[in-house]
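This is run.tsv. It holds TSV, C-alpha atoms and all ligand atoms.
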chain	number	residue	atom	x	y	z
A	1	MET	CA	73.05	26.53	86.60
A	2	ALA	CA	70.80	23.46	86.59
A	3	ARG	CA	67.25	23.69	87.85
A	4	PRO	CA	66.92	22.04	91.26
A	5	LYS	CA	65.21	18.63	91.32
A	6	GLN	CA	63.70	19.35	94.70
A	7	VAL	CA	62.60	22.59	96.39
A	8	ARG	CA	61.52	23.65	99.84
A	9	ILE	CA	58.21	25.50	100.12
A	10	ILE	CA	57.74	27.58	103.25
A	11	ASP	CA	54.07	28.36	103.76
A	12	VAL	CA	53.93	31.85	105.28
A	13	GLY	CA	50.13	32.16	105.19
A	14	PRO	CA	49.57	32.07	108.95
A	15	ARG	CA	52.00	34.99	109.35
A	16	ASP	CA	52.27	37.06	106.16
A	17	GLY	CA	48.72	36.10	105.17
A	18	LEU	CA	46.87	36.72	108.39
A	19	GLN	CA	48.91	39.80	109.49
A	20	ASN	CA	47.24	41.74	106.70
A	21	GLU	CA	43.61	40.76	107.23
A	22	SER	CA	41.10	43.26	108.57
A	23	ALA	CA	38.67	40.67	110.00
A	24	ARG	CA	39.57	39.45	113.48
A	25	ILE	CA	40.66	35.83	113.09
A	26	PRO	CA	39.99	33.82	116.26
A	27	THR	CA	43.06	32.20	117.80
A	28	ASP	CA	41.62	28.69	117.58
A	29	VAL	CA	41.04	29.19	113.84
A	30	LYS	CA	44.69	30.18	113.37
A	31	ILE	CA	45.81	27.11	115.30
A	32	ARG	CA	43.62	24.78	113.25
A	33	TYR	CA	44.89	26.44	110.05
A	34	VAL	CA	48.54	25.77	110.98
A	35	ASP	CA	47.66	22.19	111.91
A	36	MET	CA	46.06	21.70	108.50
A	37	LEU	CA	49.23	23.00	106.83
A	38	THR	CA	51.27	20.58	108.94
A	39	ASP	CA	49.08	17.77	107.64
A	40	ALA	CA	49.68	19.00	104.08
A	41	GLY	CA	53.34	17.99	104.40
A	42	PHE	CA	55.28	21.28	104.60
A	43	GLY	CA	58.76	21.03	106.11
A	44	TRP	CA	58.60	24.70	107.12
A	45	ILE	CA	55.65	26.87	108.18
A	46	GLU	CA	55.85	30.51	109.28
A	47	VAL	CA	53.39	30.49	112.12
A	48	THR	CA	53.12	33.99	113.58
A	49	SER	CA	55.19	37.03	114.54
A	50	PHE	CA	56.41	38.53	117.79
A	51	VAL	CA	56.08	42.14	116.70
A	52	HIS	CA	54.45	44.92	118.71
A	53	PRO	CA	50.76	44.07	119.18
A	54	LYS	CA	49.81	47.70	118.54
A	55	ALA	CA	51.70	47.68	115.24
A	56	VAL	CA	50.09	44.43	114.03
A	57	PRO	CA	47.05	43.55	116.17
A	58	GLN	CA	46.41	40.35	114.17
A	59	MET	CA	49.60	38.86	115.61
A	60	ALA	CA	48.87	39.81	119.25
A	61	ASP	CA	48.14	36.15	120.08
A	62	ALA	CA	51.55	34.94	118.82
A	63	ASP	CA	52.41	33.27	122.09
A	64	GLU	CA	49.20	31.24	122.32
A	65	VAL	CA	49.24	30.31	118.64
A	66	TYR	CA	52.81	29.06	118.78
A	67	ARG	CA	52.31	27.11	122.00
A	68	SER	CA	49.07	25.48	120.86
A	69	ILE	CA	49.87	24.29	117.34
A	70	ARG	CA	50.58	20.60	116.91
A	71	LYS	CA	54.31	20.25	116.26
A	72	LYS	CA	55.25	17.45	113.94
A	73	ARG	CA	58.75	16.10	114.35
A	74	GLY	CA	61.12	17.45	111.69
A	75	VAL	CA	58.93	20.41	110.71
A	76	ARG	CA	60.44	23.84	111.30
A	77	TYR	CA	57.85	26.24	112.70
A	78	THR	CA	59.34	29.70	112.23
A	79	THR	CA	58.15	32.96	113.75
A	80	LEU	CA	58.98	36.50	112.68
A	81	VAL	CA	61.03	38.50	115.18
A	82	PRO	CA	61.84	42.21	114.70
A	83	ASN	CA	64.18	42.91	117.62
A	84	PRO	CA	65.63	41.55	120.91
A	85	ARG	CA	62.31	42.03	122.74
A	86	GLY	CA	60.62	39.90	120.07
A	87	LEU	CA	63.26	37.21	120.56
A	88	GLU	CA	62.70	37.23	124.33
A	89	ARG	CA	58.99	36.62	123.72
A	90	ALA	CA	59.76	33.88	121.19
A	91	ILE	CA	62.17	32.10	123.53
A	92	ALA	CA	59.62	32.31	126.35
A	93	ALA	CA	57.18	30.49	124.03
A	94	ASP	CA	59.81	27.79	123.27
A	95	VAL	CA	60.30	28.81	119.64
A	96	ARG	CA	63.16	26.97	117.87
A	97	ASP	CA	63.27	28.88	114.55
A	98	ILE	CA	62.96	32.57	113.86
A	99	ALA	CA	63.07	34.85	110.86
A	100	LEU	CA	64.31	38.40	111.32
A	101	PHE	CA	63.84	41.13	108.74
A	102	VAL	CA	65.89	44.08	107.54
A	103	ALA	CA	64.84	46.46	104.78
A	104	ALA	CA	66.88	47.33	101.71
A	105	THR	CA	65.81	51.00	101.90
A	106	GLU	CA	65.87	53.58	104.69
A	107	SER	CA	62.30	54.80	104.13
A	108	PHE	CA	60.78	51.34	104.32
A	109	SER	CA	62.87	50.49	107.37
A	110	ARG	CA	61.47	53.56	109.16
A	111	ALA	CA	57.89	52.86	108.11
A	112	ASN	CA	58.03	49.18	109.02
A	113	ILE	CA	60.04	49.05	112.24
A	114	ASN	CA	60.90	52.65	113.15
A	115	ARG	CA	64.65	52.06	112.69
A	116	SER	CA	67.40	53.01	110.24
A	117	ILE	CA	68.96	50.12	108.29
A	118	ALA	CA	72.07	50.37	110.49
A	119	GLY	CA	69.94	50.36	113.65
A	120	SER	CA	68.01	47.37	112.36
A	121	LEU	CA	71.26	45.50	111.58
A	122	ASP	CA	72.41	46.25	115.15
A	123	ASP	CA	69.16	44.68	116.37
A	124	ALA	CA	69.77	41.73	114.03
A	125	GLN	CA	73.21	41.28	115.58
A	126	ALA	CA	71.77	41.34	119.10
A	127	VAL	CA	69.06	38.87	118.08
A	128	ILE	CA	71.51	36.44	116.44
A	129	GLU	CA	73.93	36.64	119.38
A	130	ALA	CA	71.15	35.87	121.86
A	131	ALA	CA	69.51	33.21	119.67
A	132	ARG	CA	72.61	31.06	119.26
A	133	PRO	CA	73.12	30.07	122.92
A	134	ALA	CA	69.36	29.48	123.23
A	135	GLY	CA	69.55	26.97	120.35
A	136	VAL	CA	67.28	29.08	118.12
A	137	ARG	CA	68.01	28.95	114.38
A	138	VAL	CA	67.89	32.21	112.41
A	139	ARG	CA	66.75	32.94	108.89
A	140	ALA	CA	66.71	36.53	107.64
A	141	TYR	CA	64.57	38.45	105.18
A	142	ILE	CA	65.53	41.49	103.20
A	143	SER	CA	62.29	43.32	102.51
A	144	VAL	CA	61.70	45.59	99.51
A	145	ALA	CA	64.63	43.84	97.80
A	146	PHE	CA	63.36	44.67	94.31
A	147	GLY	CA	61.30	47.81	94.74
A	148	CYS	CA	60.21	50.14	97.53
A	149	PRO	CA	56.87	51.98	97.79
A	150	TYR	CA	58.75	55.12	98.96
A	151	GLU	CA	62.05	55.03	97.01
A	152	GLY	CA	61.23	53.15	93.81
A	153	VAL	CA	63.61	50.67	92.17
A	154	VAL	CA	66.11	49.08	94.55
A	155	SER	CA	69.62	48.44	93.24
A	156	ALA	CA	71.44	45.12	93.41
A	157	GLU	CA	74.14	46.91	95.43
A	158	GLN	CA	71.65	47.92	98.17
A	159	VAL	CA	70.60	44.29	98.51
A	160	ARG	CA	74.16	42.99	98.40
A	161	ALA	CA	75.28	45.32	101.20
A	162	VAL	CA	72.52	44.21	103.60
A	163	ALA	CA	72.85	40.53	102.68
A	164	ASP	CA	76.61	40.65	103.17
A	165	ARG	CA	76.16	41.87	106.72
A	166	LEU	CA	73.41	39.34	107.51
A	167	PHE	CA	75.60	36.43	106.39
A	168	GLU	CA	78.54	37.91	108.34
A	169	LEU	CA	76.33	37.99	111.46
A	170	GLY	CA	75.49	34.31	110.96
A	171	ALA	CA	72.08	34.16	109.25
A	172	GLU	CA	71.52	30.60	108.01
A	173	GLU	CA	69.70	31.77	104.88
A	174	VAL	CA	68.75	35.13	103.40
A	175	GLY	CA	65.31	35.42	101.82
A	176	LEU	CA	64.77	38.27	99.38
A	177	GLY	CA	61.31	39.74	99.71
A	178	ASP	CA	59.49	41.41	96.84
A	179	THR	CA	57.27	43.05	99.44
A	180	ILE	CA	55.15	45.05	97.01
A	181	GLY	CA	55.25	42.59	94.10
A	182	VAL	CA	57.05	44.65	91.46
A	183	ALA	CA	59.81	42.27	90.36
A	184	THR	CA	59.96	40.72	86.90
A	185	PRO	CA	62.31	37.91	85.80
A	186	GLY	CA	64.66	40.64	84.56
A	187	ASP	CA	64.85	42.04	88.11
A	188	VAL	CA	65.43	38.59	89.55
A	189	ASN	CA	68.47	38.18	87.30
A	190	ARG	CA	69.65	41.76	87.93
A	191	VAL	CA	69.60	41.36	91.73
A	192	MET	CA	70.46	37.66	92.10
A	193	GLU	CA	73.28	37.16	89.61
A	194	PRO	CA	75.76	39.51	91.38
A	195	VAL	CA	75.05	38.13	94.85
A	196	LEU	CA	75.27	34.53	93.65
A	197	ALA	CA	78.61	35.30	92.03
A	198	LYS	CA	80.09	37.34	94.89
A	199	LEU	CA	78.38	36.49	98.17
A	200	ALA	CA	76.91	33.03	98.66
A	201	PRO	CA	75.83	29.98	96.62
A	202	ALA	CA	72.23	29.27	95.58
A	203	GLU	CA	71.44	27.08	98.61
A	204	LYS	CA	71.93	30.08	100.95
A	205	TRP	CA	69.09	32.10	99.37
A	206	GLY	CA	65.34	32.00	99.48
A	207	LEU	CA	62.79	34.01	97.54
A	208	HIS	CA	59.58	35.53	98.81
A	209	PHE	CA	57.42	36.87	96.02
A	210	HIS	CA	54.21	38.82	96.29
A	211	ASP	CA	51.97	38.54	93.25
A	212	THR	CA	50.69	42.12	93.04
A	213	ARG	CA	51.36	42.43	89.31
A	214	GLY	CA	50.99	38.78	88.34
A	215	THR	CA	54.72	38.12	87.89
A	216	ALA	CA	55.39	35.84	90.88
A	217	LEU	CA	55.35	32.52	89.01
A	218	ALA	CA	57.45	33.95	86.19
A	219	ASN	CA	59.92	35.07	88.87
A	220	VAL	CA	59.99	31.56	90.33
A	221	MET	CA	60.85	30.22	86.86
A	222	ALA	CA	63.72	32.70	86.57
A	223	SER	CA	64.95	31.81	90.07
A	224	LEU	CA	64.78	28.07	89.40
A	225	GLU	CA	67.04	28.64	86.40
A	226	LEU	CA	69.51	30.27	88.81
A	227	GLY	CA	69.40	27.15	91.00
A	228	ILE	CA	67.41	28.66	93.91
A	229	SER	CA	65.50	25.98	95.81
A	230	SER	CA	63.74	27.76	98.69
A	231	TYR	CA	60.44	29.57	98.10
A	232	ASP	CA	57.91	31.24	100.37
A	233	SER	CA	54.25	31.19	99.42
A	234	SER	CA	50.92	31.31	101.18
A	235	ALA	CA	47.92	29.04	100.90
A	236	GLY	CA	45.20	30.70	98.85
A	237	GLY	CA	47.49	33.65	98.06
A	238	LEU	CA	46.80	35.58	101.27
A	239	GLY	CA	49.34	38.16	102.40
A	240	GLY	CA	50.77	41.63	102.41
A	241	CYS	CA	52.62	44.06	104.62
A	242	PRO	CA	50.50	46.64	106.50
A	243	PHE	CA	53.37	49.18	106.23
A	244	ALA	CA	53.87	48.99	102.48
A	245	GLY	CA	50.78	50.95	101.48
A	246	PRO	CA	47.91	49.74	99.31
A	247	SER	CA	50.33	48.37	96.74
A	248	ALA	CA	51.16	45.32	98.86
A	249	ALA	CA	48.97	42.45	97.70
A	250	GLY	CA	49.04	38.75	98.42
A	251	ASN	CA	51.94	36.36	98.44
A	252	LEU	CA	52.53	33.94	95.63
A	253	ALA	CA	49.81	31.31	96.23
A	254	THR	CA	51.09	27.95	97.42
A	255	GLU	CA	48.60	26.11	95.22
A	256	ASP	CA	49.89	27.92	92.10
A	257	LEU	CA	53.51	27.24	93.05
A	258	ILE	CA	52.79	23.53	93.60
A	259	TYR	CA	50.98	23.30	90.28
A	260	LEU	CA	53.97	24.81	88.48
A	261	LEU	CA	56.49	22.60	90.30
A	262	ASP	CA	54.47	19.47	89.59
A	263	GLY	CA	54.39	20.37	85.92
A	264	LEU	CA	58.17	20.72	85.96
A	265	GLU	CA	58.55	17.44	87.89
A	266	ILE	CA	60.30	19.22	90.75
A	267	GLU	CA	59.72	17.54	94.10
A	268	HIS	CA	58.35	19.50	97.07
A	269	GLY	CA	56.59	16.98	99.34
A	270	VAL	CA	53.36	18.96	99.81
A	271	SER	CA	49.82	17.72	99.07
A	272	LEU	CA	47.98	20.13	96.78
A	273	ASP	CA	44.62	18.72	97.87
A	274	LYS	CA	45.39	19.34	101.53
A	275	VAL	CA	46.55	22.90	100.85
A	276	LEU	CA	43.28	23.47	98.99
A	277	GLY	CA	41.52	22.11	102.06
A	278	ALA	CA	43.35	24.60	104.29
A	279	SER	CA	42.36	27.42	101.93
A	280	ARG	CA	38.72	26.32	101.95
A	281	PHE	CA	38.92	26.33	105.74
A	282	ILE	CA	40.38	29.86	106.10
A	283	VAL	CA	38.26	31.57	103.44
A	284	ASP	CA	35.24	32.07	105.71
A	285	ALA	CA	37.38	33.54	108.49
A	286	VAL	CA	39.03	36.12	106.20
A	287	GLY	CA	35.68	36.93	104.61
A	288	HIS	CA	36.84	37.61	101.04
A	289	PRO	CA	37.66	35.51	97.97
A	290	LEU	CA	41.12	33.96	97.67
A	291	THR	CA	43.35	34.95	94.77
A	292	SER	CA	45.04	31.62	94.00
A	293	LYS	CA	44.27	30.71	90.40
A	294	VAL	CA	44.47	26.98	91.07
A	295	TYR	CA	42.08	27.40	94.01
A	296	GLN	CA	39.68	29.37	91.82
A	297	ALA	CA	39.88	26.68	89.12
A	298	GLY	CA	38.99	24.01	91.68
A	299	GLY	CA	42.38	22.28	91.66
A	300	ARG	CA	43.99	20.05	89.05
A	301	LEU	CA	42.40	19.20	85.72
A	302	THR	CA	39.36	17.01	86.10
A	303	THR	CA	37.30	15.92	83.13
A	304	VAL	CA	33.54	15.93	82.66
A	305	PRO	CA	31.49	14.05	80.06
A	306	ALA	CA	31.68	15.83	76.70
A	307	PRO	CA	28.43	17.51	75.59
A	308	ARG	CA	26.54	15.50	72.92
A	401	LIG	P1	59.13	50.94	118.53
A	401	LIG	O1	57.94	51.70	118.99
A	401	LIG	O2	60.24	51.68	117.86
A	401	LIG	O3	59.71	50.08	119.73
A	401	LIG	O4	58.59	49.78	117.58
A	401	LIG	P2	60.71	50.48	120.88
A	401	LIG	O5	61.90	49.59	120.79
A	401	LIG	O6	60.89	51.96	120.93
A	401	LIG	O7	59.87	50.05	122.19
A	401	LIG	C1	58.63	50.70	122.52
A	401	LIG	C2	57.80	49.77	123.39
A	401	LIG	O8	57.45	48.62	122.62
A	401	LIG	C3	58.57	49.23	124.62
A	401	LIG	O9	57.59	49.02	125.64
A	401	LIG	C4	59.05	47.88	124.15
A	401	LIG	O10	59.25	46.94	125.20
A	401	LIG	C5	57.90	47.43	123.29
A	401	LIG	P3	57.44	50.07	126.88
A	401	LIG	O11	58.79	50.09	127.51
A	401	LIG	O12	57.08	51.37	126.22
A	401	LIG	O13	56.33	49.46	127.66
A	401	LIG	N1	58.36	46.48	122.25
A	401	LIG	C6	57.73	45.32	121.98
A	401	LIG	N2	56.62	44.75	122.49
A	401	LIG	C7	56.28	43.54	121.97
A	401	LIG	N3	56.99	42.91	121.01
A	401	LIG	C8	58.09	43.46	120.47
A	401	LIG	C9	58.50	44.72	120.97
A	401	LIG	N4	59.53	45.53	120.66
A	401	LIG	C10	59.44	46.59	121.45
A	401	LIG	N5	58.77	42.82	119.53
A	401	LIG	C11	58.81	47.61	116.54
A	401	LIG	C12	59.51	48.90	116.92
A	401	LIG	C13	59.74	46.82	115.64
A	401	LIG	C14	58.49	46.83	117.78
A	401	LIG	C15	57.46	47.95	115.78
A	401	LIG	O14	57.70	48.90	114.80
A	401	LIG	C16	56.83	46.74	115.17
A	401	LIG	O15	56.43	45.80	115.84
A	401	LIG	N6	56.69	46.72	113.82
A	401	LIG	C17	56.00	45.62	113.15
A	401	LIG	C18	56.47	45.53	111.75
A	401	LIG	C19	55.78	44.38	111.05
A	401	LIG	O16	55.30	43.42	111.65
A	401	LIG	N7	55.72	44.46	109.70
A	401	LIG	C20	55.17	43.41	108.90
A	401	LIG	C21	56.10	42.26	108.82
A	401	LIG	S1	57.47	42.50	107.68
A	401	LIG	C22	56.84	41.96	106.18
A	401	LIG	O17	55.68	41.70	106.07
A	401	LIG	C23	57.79	41.73	105.03
A	401	LIG	C24	58.12	40.26	104.83
A	401	LIG	O18	56.94	39.51	104.61
A	401	LIG	C25	59.06	40.10	103.64
A	401	LIG	C26	58.53	40.73	102.36
A	401	LIG	O19	57.36	40.60	102.00
A	401	LIG	O20	59.37	41.33	101.69
A	401	LIG	C27	58.84	39.67	106.03
A	402	MG	MG	55.86	39.35	102.70

What is this structure when it is put down as C-alpha cells?
Amino acid sequence: MARPKQVRIIDVGPRDGLQNESARIPTDVKIRYVDMLTDAGFGWIEVTSFVHPKAVPQMADADEVYRSIRKKRGVRYTTLVPNPRGLERAIAADVRDIALFVAATESFSRANINRSIAGSLDDAQAVIEAARPAGVRVRAYISVAFGCPYEGVVSAEQVRAVADRLFELGAEEVGLGDTIGVATPGDVNRVMEPVLAKLAPAEKWGLHFHDTRGTALANVMASLELGISSYDSSAGGLGGCPFAGPSAAGNLATEDLIYLLDGLEIEHGVSLDKVLGASRFIVDAVGHPLTSKVYQAGGRLTTVPAPR
C-alpha cells in the first residue's frame, strides 16, 4: 500500500488534552484555545465532550465552549458523546459532528462508562439512529484497541468484532485508540492488517495514539505504510483518559506529527508555528511543562552564528 500524499490531522487537545488536567481551566481560555487551533488551519478539531460532569468535571462547560467558539466554514468541530443523553445535550448546543466511543475490553468499558461492551454498542446504535435525522455526523472510537490497563494485550479479533458492529450501525469512520500508549509498529500491523483485509479500506480508519512509551511517531510511520490518512494528536502533547489509571499519558503531540509529515512531504494544511502559538498559550493554564519534543526544541531548525 502506498503512503498517502495527504493526511488529515484532528487536534483533540481541547477534549482529550484538557479532560485530563487537574488545574481548573477557565471556559474563556478553552474557547480562545480552540479559536487559535482554528486559525492554525485544522480541518477537524475535537472541542469538548458531553459526558457526565461528575465523571469529568473539566468538561462540565461543554455547552458554553461549543456555542462560543468561532466556527470557520468547512471545519468540523467534533464533540465526544457517550450515550443518548450526551447526544441530546450536543444537539441542544447545535453540534454537527460527534464522536462516540466503545471499548475493546469489558473491564475498560465498565471503568470508563459503566456499561458492558454490548450495552455500549446498544447506546451507540441509539445515538447513531437519533443523530442521522438531526443531520449530525458520527465518527466512532474504539478505546484500548491495542492494550488495556486491566486485561493486558488486546487481540485483533476483539477490535475487529467491535469495529464490524460500528460500521454496520453506520459510523462514518472508526478511530482506533491506543488509550494507554502501549502499541508498537508490530501491534499496528497485527491489529490493522486483518481489519483492512476483511472489514473496510484504509480511508475508513483513523488512529489515535498516546505517546506513553515514546512509540507514537513510529506507529504513525507504520500506519502510513498501511495507507491510513487520518490521525488524532494534541497540541503540545496534552492528553490522557482519567479512567485508564496512571499509565495514560499524553496524546501524540501535533507539533511532532507535523514535523514528521513535513519531513516526508505529506500534506496536512496545518501551520506548525500557529500550533506552537496555541501550545504557548495553554501552557500557563495547565501549569506544567508540555511534552512535545518539537515544542521543547523551539520549533524547526534555526541556525545561530558558529562560535569562533
Ligand atoms: P452512569 O452513571 O452509568 O449514567 O454514567 P446513567 O445512564 O445511569 O445515568 C445516571 C444519571 O446521569 C442520570 O441522571 C442521567 O440523566 C445522567 P439522573 O436521572 O440521575 O438525574 N447522565 C448524563 N448527564 C450528563 N451527560 C451525559 C449523561 N448520561 C447520563 N452524557 C456515563 C454513564 C457514560 C454518563 C459516565 O460514565 C460518563 O460520563 N463517563 C465519562 C467517560 C469519559 O469521559 N472518559 C474519557 C473519555 S474516553 C477517552 O478518553 C478515550 C479516547 O480518547 C480514545 C483513546 O484514547 O483510546 C476517546
Ligand atoms: Mg485518547

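A distance cut-off of 9 Å from ligand MG 402 (chain A), applied to only C-alpha atoms and all ligand atoms, picks out the residues Val12, Arg15, Asp16, Gly17, Ser143, Gly177, Asp178, Thr179, Ile180, His208, Phe209, His210, Asp232, Ser233, Gly239, Gly240, Cys241, Ala248, Gly250 and Asn251 of chain A.
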
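Counting from CA of Ala55 (chain A), the distance to CA of Thr27 (chain A) is 17.9 Å.
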
Near Glu172 (chain A), within 12 Å and counting all atoms listed in the file, which residues show up once chain neighbours fewer than 3 positions away are dropped, as a short mmCIF file (atom, residue, chain, number, x, y, z; two decimals) with C-alpha atoms, in the frame of the given file?
data_model
loop_
_atom_site.label_atom_id
_atom_site.label_comp_id
_atom_site.auth_asym_id
_atom_site.auth_seq_id
_atom_site.Cartn_x
_atom_site.Cartn_y
_atom_site.Cartn_z
CA ASP A 97 63.27 28.88 114.55
CA ILE A 98 62.96 32.57 113.86
CA ALA A 99 63.07 34.85 110.86
CA LEU A 100 64.31 38.40 111.32
CA ILE A 128 71.51 36.44 116.44
CA ARG A 132 72.61 31.06 119.26
CA VAL A 136 67.28 29.08 118.12
CA ARG A 137 68.01 28.95 114.38
CA VAL A 138 67.89 32.21 112.41
CA ARG A 139 66.75 32.94 108.89
CA ALA A 140 66.71 36.53 107.64
CA TYR A 141 64.57 38.45 105.18
CA ALA A 163 72.85 40.53 102.68
CA LEU A 166 73.41 39.34 107.51
CA PHE A 167 75.60 36.43 106.39
CA GLU A 168 78.54 37.91 108.34
CA LEU A 169 76.33 37.99 111.46
CA GLY A 175 65.31 35.42 101.82
CA ALA A 200 76.91 33.03 98.66
CA GLU A 203 71.44 27.08 98.61
CA LYS A 204 71.93 30.08 100.95
CA TRP A 205 69.09 32.10 99.37
CA GLY A 206 65.34 32.00 99.48
#

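Counting from CA of Ile91 (chain A), the distance to CA of Ala134 (chain A) is 7.7 Å.
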
Length of the CA of Arg190 (chain A) to CA of Phe146 (chain A) vector [Å] =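 Going from CA of Arg190 (chain A) over to CA of Phe146 (chain A), I get 9.4 Å.
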
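Residues in contact with Gln125 (chain A) at up to 10 Å, not including ones fewer than 2 positions away on its chain and judged by all atoms listed in the file, are Asn83, Pro84, Gly119, Ser120, Leu121, Asp122, Asp123, Val127, Ile128, Glu129, Ala130, Ala131, Arg165, Leu166, Glu168, Leu169, Gly170 and Ala171 of chain A.
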
task = Please provide the set of residues having any atom within 8 Å of Gly299 (chain A), restricted to all atoms listed in the file, with same-chain residues fewer than 2 positions apart removed, written as a ChimeraX atom specification.
result = /A:272-273,276,294-297,301

message = Give me the residues near Arg24 (chain A) as a PyMOL selection string, where near means some atom within 9 Å (using only C-alpha atoms) and where sequence neighbours in that chain fewer than 6 positions away do not count.
response = chain A and resi 57-58+285-286

Write the residues of the selection above to a file with C-alpha atoms, as a CSV table (one decimal), in the frame of the given file.
chain,number,residue,atom,x,y,z
A,57,PRO,CA,47.0,43.6,116.2
A,58,GLN,CA,46.4,40.4,114.2
A,285,ALA,CA,37.4,33.5,108.5
A,286,VAL,CA,39.0,36.1,106.2

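Among the candidates A:Val65, A:Ala161, A:Val182, A:Val95, the one nearest to ligand LIG 401 (chain A) when counting all atoms listed in the file is A:Val182.
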
query = Closest to ligand LIG 401 (chain A) among A:Ala235, A:Ser22, A:Gly74, A:Phe243, using only C-alpha atoms and all ligand atoms?
reply =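 Closest to ligand LIG 401 (chain A), using only C-alpha atoms and all ligand atoms: A:Phe243.
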
key: Spatial sel., origin (56.7, 16.2, 115.3), limit 12 Å, only C-alpha atoms, listed as an MDAnalysis selection string   = chainID A and resid 35 38:39 41:44 69:77

Any chance you can output those residues with C-alpha atoms as a compact mmCIF listing (two decimals), in the coordinates of the input?
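The result, stored in out.txt:
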# COMPACT_ATOMS: atom_id res chain seq x y z
CA ASP A 35 47.66 22.19 111.91
CA THR A 38 51.27 20.58 108.94
CA ASP A 39 49.08 17.77 107.64
CA GLY A 41 53.34 17.99 104.40
CA PHE A 42 55.28 21.28 104.60
CA GLY A 43 58.76 21.03 106.11
CA TRP A 44 58.60 24.70 107.12
CA ILE A 69 49.87 24.29 117.34
CA ARG A 70 50.58 20.60 116.91
CA LYS A 71 54.31 20.25 116.26
CA LYS A 72 55.25 17.45 113.94
CA ARG A 73 58.75 16.10 114.35
CA GLY A 74 61.12 17.45 111.69
CA VAL A 75 58.93 20.41 110.71
CA ARG A 76 60.44 23.84 111.30
CA TYR A 77 57.85 26.24 112.70

inquiry  = Calculated over all atoms listed in the file, which of the candidates A:Ala93, A:Ile117, A:Met59, A:Ala306 has the smallest distance to ligand LIG 401 (chain A)?
reply    =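 Comparing A:Ala93, A:Ile117, A:Met59, A:Ala306 against ligand LIG 401 (chain A), the winner is A:Met59.
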
inquiry  = Calculated over all atoms listed in the file, which of the candidates A:Arg308, A:Arg3, A:Lys54, A:Lys293 has the smallest distance to ligand LIG 401 (chain A)?
reply    =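 Checking each of A:Arg308, A:Arg3, A:Lys54, A:Lys293 against ligand LIG 401 (chain A), counting all atoms listed in the file, the winner is A:Lys54.
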
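Proximity to ligand LIG 401 (chain A) was assessed for A:Leu226, A:Ala244, A:Val7, A:Glu106 counting only C-alpha atoms and all ligand atoms; the smallest distance is recorded for A:Ala244.
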
Is there a way to get, as a PDB file with C-alpha atoms, in the coordinates of the input, all residues within 9 Å of the point (58.0, 27.9, 94.0) in file coordinates, counting all atoms listed in the file?
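File out_11.pdb, as written:
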ATOM      1  CA  VAL A   7      62.600  22.590  96.390  1.00  0.00           C
ATOM      2  CA  ARG A   8      61.520  23.650  99.840  1.00  0.00           C
ATOM      3  CA  ILE A   9      58.210  25.500 100.120  1.00  0.00           C
ATOM      4  CA  LEU A 207      62.790  34.010  97.540  1.00  0.00           C
ATOM      5  CA  ALA A 216      55.390  35.840  90.880  1.00  0.00           C
ATOM      6  CA  LEU A 217      55.350  32.520  89.010  1.00  0.00           C
ATOM      7  CA  VAL A 220      59.990  31.560  90.330  1.00  0.00           C
ATOM      8  CA  MET A 221      60.850  30.220  86.860  1.00  0.00           C
ATOM      9  CA  SER A 223      64.950  31.810  90.070  1.00  0.00           C
ATOM     10  CA  LEU A 224      64.780  28.070  89.400  1.00  0.00           C
ATOM     11  CA  SER A 229      65.500  25.980  95.810  1.00  0.00           C
ATOM     12  CA  SER A 230      63.740  27.760  98.690  1.00  0.00           C
ATOM     13  CA  TYR A 231      60.440  29.570  98.100  1.00  0.00           C
ATOM     14  CA  ASP A 232      57.910  31.240 100.370  1.00  0.00           C
ATOM     15  CA  SER A 233      54.250  31.190  99.420  1.00  0.00           C
ATOM     16  CA  LEU A 252      52.530  33.940  95.630  1.00  0.00           C
ATOM     17  CA  THR A 254      51.090  27.950  97.420  1.00  0.00           C
ATOM     18  CA  ASP A 256      49.890  27.920  92.100  1.00  0.00           C
ATOM     19  CA  LEU A 257      53.510  27.240  93.050  1.00  0.00           C
ATOM     20  CA  ILE A 258      52.790  23.530  93.600  1.00  0.00           C
ATOM     21  CA  LEU A 260      53.970  24.810  88.480  1.00  0.00           C
ATOM     22  CA  LEU A 261      56.490  22.600  90.300  1.00  0.00           C
ATOM     23  CA  HIS A 268      58.350  19.500  97.070  1.00  0.00           C
TER      24      HIS A 268
END

inquiry  = Could you check the closest approach to ligand LIG 401 (chain A) for each of A:Ile142, A:Val154, A:Val283, A:Met1 and tell me which residue wins, using all atoms listed in the file?
reply    = A:Ile142
